[in-house]
Amino acid sequence: MIDSPRRITVGKADLEQYEREGYVLLRQILPPELLNGGRHILEAWVRQLVAAWKLEGKLSANFNALSFETGLLEAWEAAGRPSYARSPRRALVSPAMFGLLKHPVFIGIATQLLGEKALISHWAFNSRPKLPDQKFTDTPWHQDAQYYPESMRLIPTLSCWFPLVPVSATSSCLAVSPWDAERRQIFNIESNVDGSGFLGIRRSDSDNLPSVPIEMEPGDLLCFHQLVPHRAMPNKEARIRWSFDFRFQGRNTENEKQMAPGFIAHDPNHPEEETSFEEWERIWARKLLKL
């Protein structure tokens with residue numbers, strides 16, 4: 001188990017690639033206990049979702065023993081393909097999720113790639129269960145910055161994406177478009193790309209982007225800057241693509257004004273100011289009251 005951010009070292013070549021191309025793939029840097037923790041969080045969400053479908057009369061069979069790889073798919077088909085949150089962020093808020101977002105591996109990597117000692121865990125954390133041929137979860141070419149308030153789009157933000165199952169070009173790995181001097185900018189934003197309901201890059205721009213599929217195994221971590229264009233490739237395999245994506249920023253006054261429901265994840269100079277789970281939970285409750 002990795003218990004200190006200081007033990008995580010991002011190599012010089014990786015740091016240089018991140019600066020040069022806006023992304024870096026760190027192979028087998030996530031320990032098994034971290035991946036197992038993420039899996040348990042998602043298994044609990046699946047149990048809640050399936051129980052809700054059964055309560056609504058959509059399921060008659062007993063789906064208590066579900067496999068992680070295909071169980072949600074089987075229950076979803078049996079229930080008549082009901083809609084569900086394509087990123088169940090609020091449903092995942094728990095002590096386990098809080099611990100995952102603060103895991104020393106992510107803190108150690110983020111401090112080095114961002115060049116910051118104190119970090120905010122960004123409010124936009126996601127897990128997207130991608131079922132086969134389900135366009136509803138196909139994210140188009142976009143930049144994470146396009147989803148942020150305009151005042152925060154250029155604040156350096158690190159995205160960390162990792163799968164819990166192997167991902168390839170046929171099972172919905174991410175594709176990235178490495179940046180260069182001309183593409184370190186916000187692209188024209190389209191509000192409903194291809195009818196997906198997602199924000200993204202206007203098709204006239206994205207059609208010309210170079211595309212690099214990033215095939216990964218559990219334990220790998222893809223890190224990229226908020227201006228790097230990326231998309232999820234379609235899932236053509238008969239299993240679910242399970243993944244998480246987290247985001248981190250340096251801690252400063254401007255970031256803190258707009259971070260809710262993010263939280264102060266790490267501050268070695270002021271550890272007493274780091275957000276507790278109880279406070280994070282209250283932040284989420286206050287956000288819901290405003291919706």
# chains A, B, ... in the order shown; residues from 1 in each chain; ligands from 1
>>> residues_around(residues="segment 87-103 of chain A", least_positions_apart="5", cutoff="9 Å", atoms="only C-alpha atoms", output="mmCIF file with C-alpha atoms, in the first residue's frame")
data_model
loop_
_atom_site.group_PDB
_atom_site.id
_atom_site.type_symbol
_atom_site.label_atom_id
_atom_site.label_comp_id
_atom_site.auth_asym_id
_atom_site.auth_seq_id
_atom_site.Cartn_x
_atom_site.Cartn_y
_atom_site.Cartn_z
ATOM 1 C CA ILE A 2 1.292 3.442 -0.905
ATOM 2 C CA ASP A 3 0.892 5.735 2.077
ATOM 3 C CA PRO A 5 2.671 11.269 -1.790
ATOM 4 C CA LEU A 34 -6.953 1.468 -5.022
ATOM 5 C CA GLY A 37 -11.745 0.322 -3.673
ATOM 6 C CA GLY A 38 -13.087 1.840 -6.889
ATOM 7 C CA HIS A 40 -16.480 -1.749 -4.479
ATOM 8 C CA ILE A 41 -17.871 1.791 -4.858
ATOM 9 C CA LEU A 42 -19.349 0.960 -8.259
ATOM 10 C CA ALA A 44 -22.596 -0.712 -4.379
ATOM 11 C CA TRP A 45 -24.083 1.749 -6.908
ATOM 12 C CA GLY A 108 1.623 12.622 -5.470
ATOM 13 C CA SER A 121 -10.020 17.953 -5.760
ATOM 14 C CA ALA A 124 -16.182 17.196 -11.654
ATOM 15 C CA PHE A 125 -15.351 13.593 -10.800
ATOM 16 C CA ASN A 126 -17.069 10.929 -12.887
ATOM 17 C CA SER A 127 -17.589 7.259 -13.418
ATOM 18 C CA ARG A 128 -19.141 6.293 -16.732
ATOM 19 C CA PRO A 129 -20.433 2.730 -17.119
ATOM 20 C CA THR A 137 -22.683 7.412 -22.963
ATOM 21 C CA PHE A 246 -10.801 12.814 -11.373
ATOM 22 C CA ARG A 247 -9.494 16.378 -11.631
ATOM 23 C CA ALA A 265 -7.607 17.540 -0.736
ATOM 24 C CA HIS A 266 -4.035 18.257 0.307
ATOM 25 C CA SER A 276 -13.242 16.480 6.047
ATOM 26 C CA PHE A 277 -15.677 14.011 4.574
ATOM 27 C CA GLU A 278 -18.457 15.416 6.756
ATOM 28 C CA TRP A 280 -17.740 17.559 1.763
ATOM 29 C CA GLU A 281 -21.045 15.803 2.331
ATOM 30 C CA TRP A 284 -23.098 18.371 -1.672
#
>>> select_by_dssp(residues="segment 20-195 of chain A", states="helix (DSSP H, G or I)", output="ChimeraX atom specification")
/A:20-21,32-55,71-78,90-92,95-101,104-114,135-137,144-147,150-152,193-195
>>> closest_residue(among="A:Leu164, A:Asp245, A:Gly80, A:Gln112", to="Glu43 of chain A", atoms="only C-alpha atoms")
A:Leu164
>>> closest_residue(among="A:Asp267, A:Glu190, A:Glu273, A:Asp180", to="Val228 of chain A", atoms="only C-alpha atoms")
A:Asp180
>>> residues_around(residues="Asp220 of chain A", least_positions_apart="3", cutoff="8 Å", atoms="only C-alpha atoms", output="list of chain:residue names")
A:Leu25, A:Leu26, A:Arg27, A:Gln28, A:Ile29, A:Leu30, A:Phe162, A:Pro163, A:Met216, A:Glu217
>>> closest_residue(among="A:Leu119, A:Ile186, A:Leu15, A:Leu66", to="Asn269 of chain A", atoms="only C-alpha atoms")
A:Leu119
>>> select_by_dssp(residues="segment 28-230 of chain A", states="strand (DSSP E)", output="PyMOL selection string")
chain A and resi 119-121+126-127+157-163+174-176+189-190+200-201+212-214+221-225+230
>>> write_last_selection(atoms="N, CA and C atoms", output="PDB file, in the first residue's frame")
ATOM      1  N   LEU A 119      -3.506  21.154  -3.041  1.00  0.00           N
ATOM      2  CA  LEU A 119      -4.404  20.763  -4.124  1.00  0.00           C
ATOM      3  C   LEU A 119      -5.872  20.844  -3.737  1.00  0.00           C
ATOM      4  N   ILE A 120      -6.685  21.181  -4.731  1.00  0.00           N
ATOM      5  CA  ILE A 120      -8.131  21.044  -4.653  1.00  0.00           C
ATOM      6  C   ILE A 120      -8.545  19.866  -5.513  1.00  0.00           C
ATOM      7  N   SER A 121      -9.380  18.993  -4.955  1.00  0.00           N
ATOM      8  CA  SER A 121     -10.020  17.953  -5.760  1.00  0.00           C
ATOM      9  C   SER A 121     -11.235  18.591  -6.421  1.00  0.00           C
ATOM     10  N   ASN A 126     -16.079  11.732 -12.176  1.00  0.00           N
ATOM     11  CA  ASN A 126     -17.069  10.929 -12.887  1.00  0.00           C
ATOM     12  C   ASN A 126     -16.730   9.454 -12.851  1.00  0.00           C
ATOM     13  N   SER A 127     -17.760   8.650 -13.030  1.00  0.00           N
ATOM     14  CA  SER A 127     -17.589   7.259 -13.418  1.00  0.00           C
ATOM     15  C   SER A 127     -18.642   6.985 -14.472  1.00  0.00           C
ATOM     16  N   THR A 157      -5.523  22.642 -14.794  1.00  0.00           N
ATOM     17  CA  THR A 157      -6.310  21.579 -14.172  1.00  0.00           C
ATOM     18  C   THR A 157      -5.867  20.246 -14.748  1.00  0.00           C
ATOM     19  N   LEU A 158      -5.581  19.304 -13.872  1.00  0.00           N
ATOM     20  CA  LEU A 158      -5.123  17.983 -14.285  1.00  0.00           C
ATOM     21  C   LEU A 158      -6.286  16.998 -14.257  1.00  0.00           C
ATOM     22  N   SER A 159      -6.534  16.326 -15.370  1.00  0.00           N
ATOM     23  CA  SER A 159      -7.523  15.246 -15.424  1.00  0.00           C
ATOM     24  C   SER A 159      -6.804  13.916 -15.302  1.00  0.00           C
ATOM     25  N   CYS A 160      -7.341  13.033 -14.471  1.00  0.00           N
ATOM     26  CA  CYS A 160      -6.774  11.699 -14.260  1.00  0.00           C
ATOM     27  C   CYS A 160      -7.841  10.670 -14.604  1.00  0.00           C
ATOM     28  N   TRP A 161      -7.608   9.858 -15.622  1.00  0.00           N
ATOM     29  CA  TRP A 161      -8.594   8.875 -16.109  1.00  0.00           C
ATOM     30  C   TRP A 161      -8.000   7.486 -15.983  1.00  0.00           C
ATOM     31  N   PHE A 162      -8.776   6.556 -15.392  1.00  0.00           N
ATOM     32  CA  PHE A 162      -8.260   5.186 -15.270  1.00  0.00           C
ATOM     33  C   PHE A 162      -9.395   4.180 -15.377  1.00  0.00           C
ATOM     34  N   PRO A 163      -9.148   3.057 -16.061  1.00  0.00           N
ATOM     35  CA  PRO A 163     -10.154   2.009 -16.199  1.00  0.00           C
ATOM     36  C   PRO A 163     -10.018   0.952 -15.105  1.00  0.00           C
ATOM     37  N   LEU A 174     -10.054   5.833 -24.287  1.00  0.00           N
ATOM     38  CA  LEU A 174     -10.062   7.225 -24.704  1.00  0.00           C
ATOM     39  C   LEU A 174      -9.141   7.416 -25.899  1.00  0.00           C
ATOM     40  N   ALA A 175      -9.475   8.381 -26.729  1.00  0.00           N
ATOM     41  CA  ALA A 175      -8.568   8.871 -27.757  1.00  0.00           C
ATOM     42  C   ALA A 175      -8.247  10.318 -27.420  1.00  0.00           C
ATOM     43  N   VAL A 176      -6.991  10.689 -27.533  1.00  0.00           N
ATOM     44  CA  VAL A 176      -6.583  12.060 -27.261  1.00  0.00           C
ATOM     45  C   VAL A 176      -5.995  12.678 -28.524  1.00  0.00           C
ATOM     46  N   ILE A 189     -17.257  25.889 -29.036  1.00  0.00           N
ATOM     47  CA  ILE A 189     -18.081  24.947 -28.275  1.00  0.00           C
ATOM     48  C   ILE A 189     -19.415  24.722 -28.966  1.00  0.00           C
ATOM     49  N   GLU A 190     -19.778  23.454 -29.099  1.00  0.00           N
ATOM     50  CA  GLU A 190     -21.097  23.073 -29.593  1.00  0.00           C
ATOM     51  C   GLU A 190     -21.855  22.454 -28.426  1.00  0.00           C
ATOM     52  N   GLY A 200     -19.155  19.911 -26.549  1.00  0.00           N
ATOM     53  CA  GLY A 200     -17.974  19.415 -27.224  1.00  0.00           C
ATOM     54  C   GLY A 200     -17.437  20.386 -28.237  1.00  0.00           C
ATOM     55  N   ILE A 201     -16.479  19.904 -29.010  1.00  0.00           N
ATOM     56  CA  ILE A 201     -15.825  20.710 -30.027  1.00  0.00           C
ATOM     57  C   ILE A 201     -16.664  20.673 -31.309  1.00  0.00           C
ATOM     58  N   VAL A 212      -5.190   9.807 -31.191  1.00  0.00           N
ATOM     59  CA  VAL A 212      -4.317   8.759 -30.666  1.00  0.00           C
ATOM     60  C   VAL A 212      -5.105   7.915 -29.664  1.00  0.00           C
ATOM     61  N   PRO A 213      -5.547   6.694 -30.038  1.00  0.00           N
ATOM     62  CA  PRO A 213      -6.230   5.822 -29.068  1.00  0.00           C
ATOM     63  C   PRO A 213      -5.263   5.403 -27.962  1.00  0.00           C
ATOM     64  N   ILE A 214      -5.731   5.455 -26.715  1.00  0.00           N
ATOM     65  CA  ILE A 214      -4.891   5.104 -25.568  1.00  0.00           C
ATOM     66  C   ILE A 214      -5.412   3.799 -24.962  1.00  0.00           C
ATOM     67  N   LEU A 221      -2.751   4.812 -15.646  1.00  0.00           N
ATOM     68  CA  LEU A 221      -3.378   6.104 -15.382  1.00  0.00           C
ATOM     69  C   LEU A 221      -3.052   7.061 -16.523  1.00  0.00           C
ATOM     70  N   LEU A 222      -4.088   7.635 -17.126  1.00  0.00           N
ATOM     71  CA  LEU A 222      -3.914   8.639 -18.176  1.00  0.00           C
ATOM     72  C   LEU A 222      -4.117  10.020 -17.558  1.00  0.00           C
ATOM     73  N   CYS A 223      -3.120  10.884 -17.693  1.00  0.00           N
ATOM     74  CA  CYS A 223      -3.189  12.239 -17.147  1.00  0.00           C
ATOM     75  C   CYS A 223      -3.141  13.234 -18.294  1.00  0.00           C
ATOM     76  N   PHE A 224      -4.029  14.237 -18.266  1.00  0.00           N
ATOM     77  CA  PHE A 224      -4.010  15.222 -19.342  1.00  0.00           C
ATOM     78  C   PHE A 224      -4.500  16.582 -18.857  1.00  0.00           C
ATOM     79  N   HIS A 225      -4.056  17.613 -19.560  1.00  0.00           N
ATOM     80  CA  HIS A 225      -4.391  19.013 -19.287  1.00  0.00           C
ATOM     81  C   HIS A 225      -5.809  19.288 -19.756  1.00  0.00           C
ATOM     82  N   HIS A 230     -10.178  15.265 -26.318  1.00  0.00           N
ATOM     83  CA  HIS A 230     -10.253  13.810 -26.146  1.00  0.00           C
ATOM     84  C   HIS A 230     -11.695  13.365 -26.321  1.00  0.00           C
TER      85      HIS A 230
END
>>> atom_distance(atom1="atom CA of Arg251 of chain A", atom2="atom CA of Glu33 of chain A")
27.4 Å
>>> atom_distance(atom1="atom CA of Trp76 of chain A", atom2="atom CA of Gly219 of chain A")
27.7 Å
>>> atom_distance(atom1="atom CA of Leu113 of chain A", atom2="atom CA of Ile155 of chain A")
13.7 Å
>>> closest_residue(among="A:Gly250, A:Gln143, A:Glu56, A:Asn64", to="Ala79 of chain A", atoms="only C-alpha atoms")
A:Glu56
>>> residues_around(residues="Ser83 of chain A", least_positions_apart="6", cutoff="12 Å", atoms="only C-alpha atoms", output="PyMOL selection string")
chain A and resi 49-50+52-53+58+76-77+134+136-137
>>> write_last_selection(atoms="C-alpha atoms", output="PDB file, in the first residue's frame")
ATOM      1  CA  LEU A  49     -29.758   0.873  -9.164  1.00  0.00           C
ATOM      2  CA  VAL A  50     -30.938  -2.703  -9.657  1.00  0.00           C
ATOM      3  CA  ALA A  52     -34.646   0.575  -7.623  1.00  0.00           C
ATOM      4  CA  TRP A  53     -35.581  -1.115 -10.911  1.00  0.00           C
ATOM      5  CA  LYS A  58     -39.073  -3.448 -14.004  1.00  0.00           C
ATOM      6  CA  TRP A  76     -30.496  -3.336 -17.801  1.00  0.00           C
ATOM      7  CA  GLU A  77     -31.579  -5.569 -20.678  1.00  0.00           C
ATOM      8  CA  GLN A 134     -24.905   2.613 -26.084  1.00  0.00           C
ATOM      9  CA  PHE A 136     -26.107   7.638 -24.676  1.00  0.00           C
ATOM     10  CA  THR A 137     -22.683   7.412 -22.963  1.00  0.00           C
TER      11      THR A 137
END
>>> residues_around(residues="Leu154 of chain A", least_positions_apart="2", cutoff="9 Å", atoms="only C-alpha atoms", output="PyMOL selection string")
chain A and resi 145+150-152+156-157+185-186+226-227
>>> write_last_selection(atoms="C-alpha atoms", output="tab-separated table (two decimals), in the first residue's frame")
chain	number	residue	atom	x	y	z
A	145	ALA	CA	-12.20	23.22	-19.93
A	150	GLU	CA	-15.37	30.86	-18.28
A	151	SER	CA	-13.29	32.39	-15.50
A	152	MET	CA	-11.77	28.97	-14.69
A	156	PRO	CA	-4.24	24.67	-14.91
A	157	THR	CA	-6.31	21.58	-14.17
A	185	GLN	CA	-6.73	27.15	-26.80
A	186	ILE	CA	-10.44	26.74	-26.19
A	226	GLN	CA	-7.88	20.52	-19.46
A	227	LEU	CA	-7.21	21.93	-22.95
>>> decode(residues="segment 254-271 of chain A", atoms="N, CA and C atoms", output="compact mmCIF listing (two decimals), in the first residue's frame")
# COMPACT_ATOMS: atom_id res chain seq x y z
N GLU A 254 -8.67 32.17 -5.88
CA GLU A 254 -9.59 32.20 -7.02
C GLU A 254 -10.23 30.83 -7.22
N ASN A 255 -9.44 29.77 -7.11
CA ASN A 255 -9.99 28.42 -7.27
C ASN A 255 -11.00 28.11 -6.17
N GLU A 256 -10.69 28.48 -4.95
CA GLU A 256 -11.55 28.14 -3.83
C GLU A 256 -12.91 28.82 -3.92
N LYS A 257 -12.97 29.99 -4.55
CA LYS A 257 -14.24 30.68 -4.69
C LYS A 257 -15.25 29.87 -5.49
N GLN A 258 -14.75 29.07 -6.44
CA GLN A 258 -15.64 28.40 -7.38
C GLN A 258 -15.53 26.88 -7.32
N MET A 259 -14.95 26.35 -6.26
CA MET A 259 -14.65 24.92 -6.29
C MET A 259 -15.82 24.02 -5.88
N ALA A 260 -16.82 24.52 -5.16
CA ALA A 260 -17.88 23.66 -4.65
C ALA A 260 -18.61 22.95 -5.80
N PRO A 261 -18.90 21.65 -5.60
CA PRO A 261 -18.63 20.82 -4.43
C PRO A 261 -17.30 20.07 -4.48
N GLY A 262 -16.26 20.75 -4.95
CA GLY A 262 -14.92 20.20 -4.78
C GLY A 262 -14.46 20.41 -3.35
N PHE A 263 -13.20 20.07 -3.06
CA PHE A 263 -12.74 20.22 -1.67
C PHE A 263 -11.22 20.32 -1.63
N ILE A 264 -10.72 20.83 -0.52
CA ILE A 264 -9.27 20.92 -0.31
C ILE A 264 -8.78 19.52 0.03
N ALA A 265 -8.02 18.93 -0.89
CA ALA A 265 -7.61 17.54 -0.74
C ALA A 265 -6.26 17.38 -0.06
N HIS A 266 -5.40 18.40 -0.22
CA HIS A 266 -4.04 18.26 0.31
C HIS A 266 -3.42 19.63 0.50
N ASP A 267 -2.90 19.88 1.69
CA ASP A 267 -2.17 21.11 1.95
C ASP A 267 -1.16 20.82 3.05
N PRO A 268 0.09 20.52 2.68
CA PRO A 268 1.08 20.15 3.69
C PRO A 268 1.42 21.26 4.66
N ASN A 269 1.22 22.51 4.25
CA ASN A 269 1.50 23.64 5.15
C ASN A 269 0.34 23.93 6.10
N HIS A 270 -0.86 23.56 5.69
CA HIS A 270 -2.04 23.80 6.52
C HIS A 270 -2.95 22.56 6.51
N PRO A 271 -2.46 21.44 7.05
CA PRO A 271 -3.27 20.21 7.01
C PRO A 271 -4.58 20.34 7.76
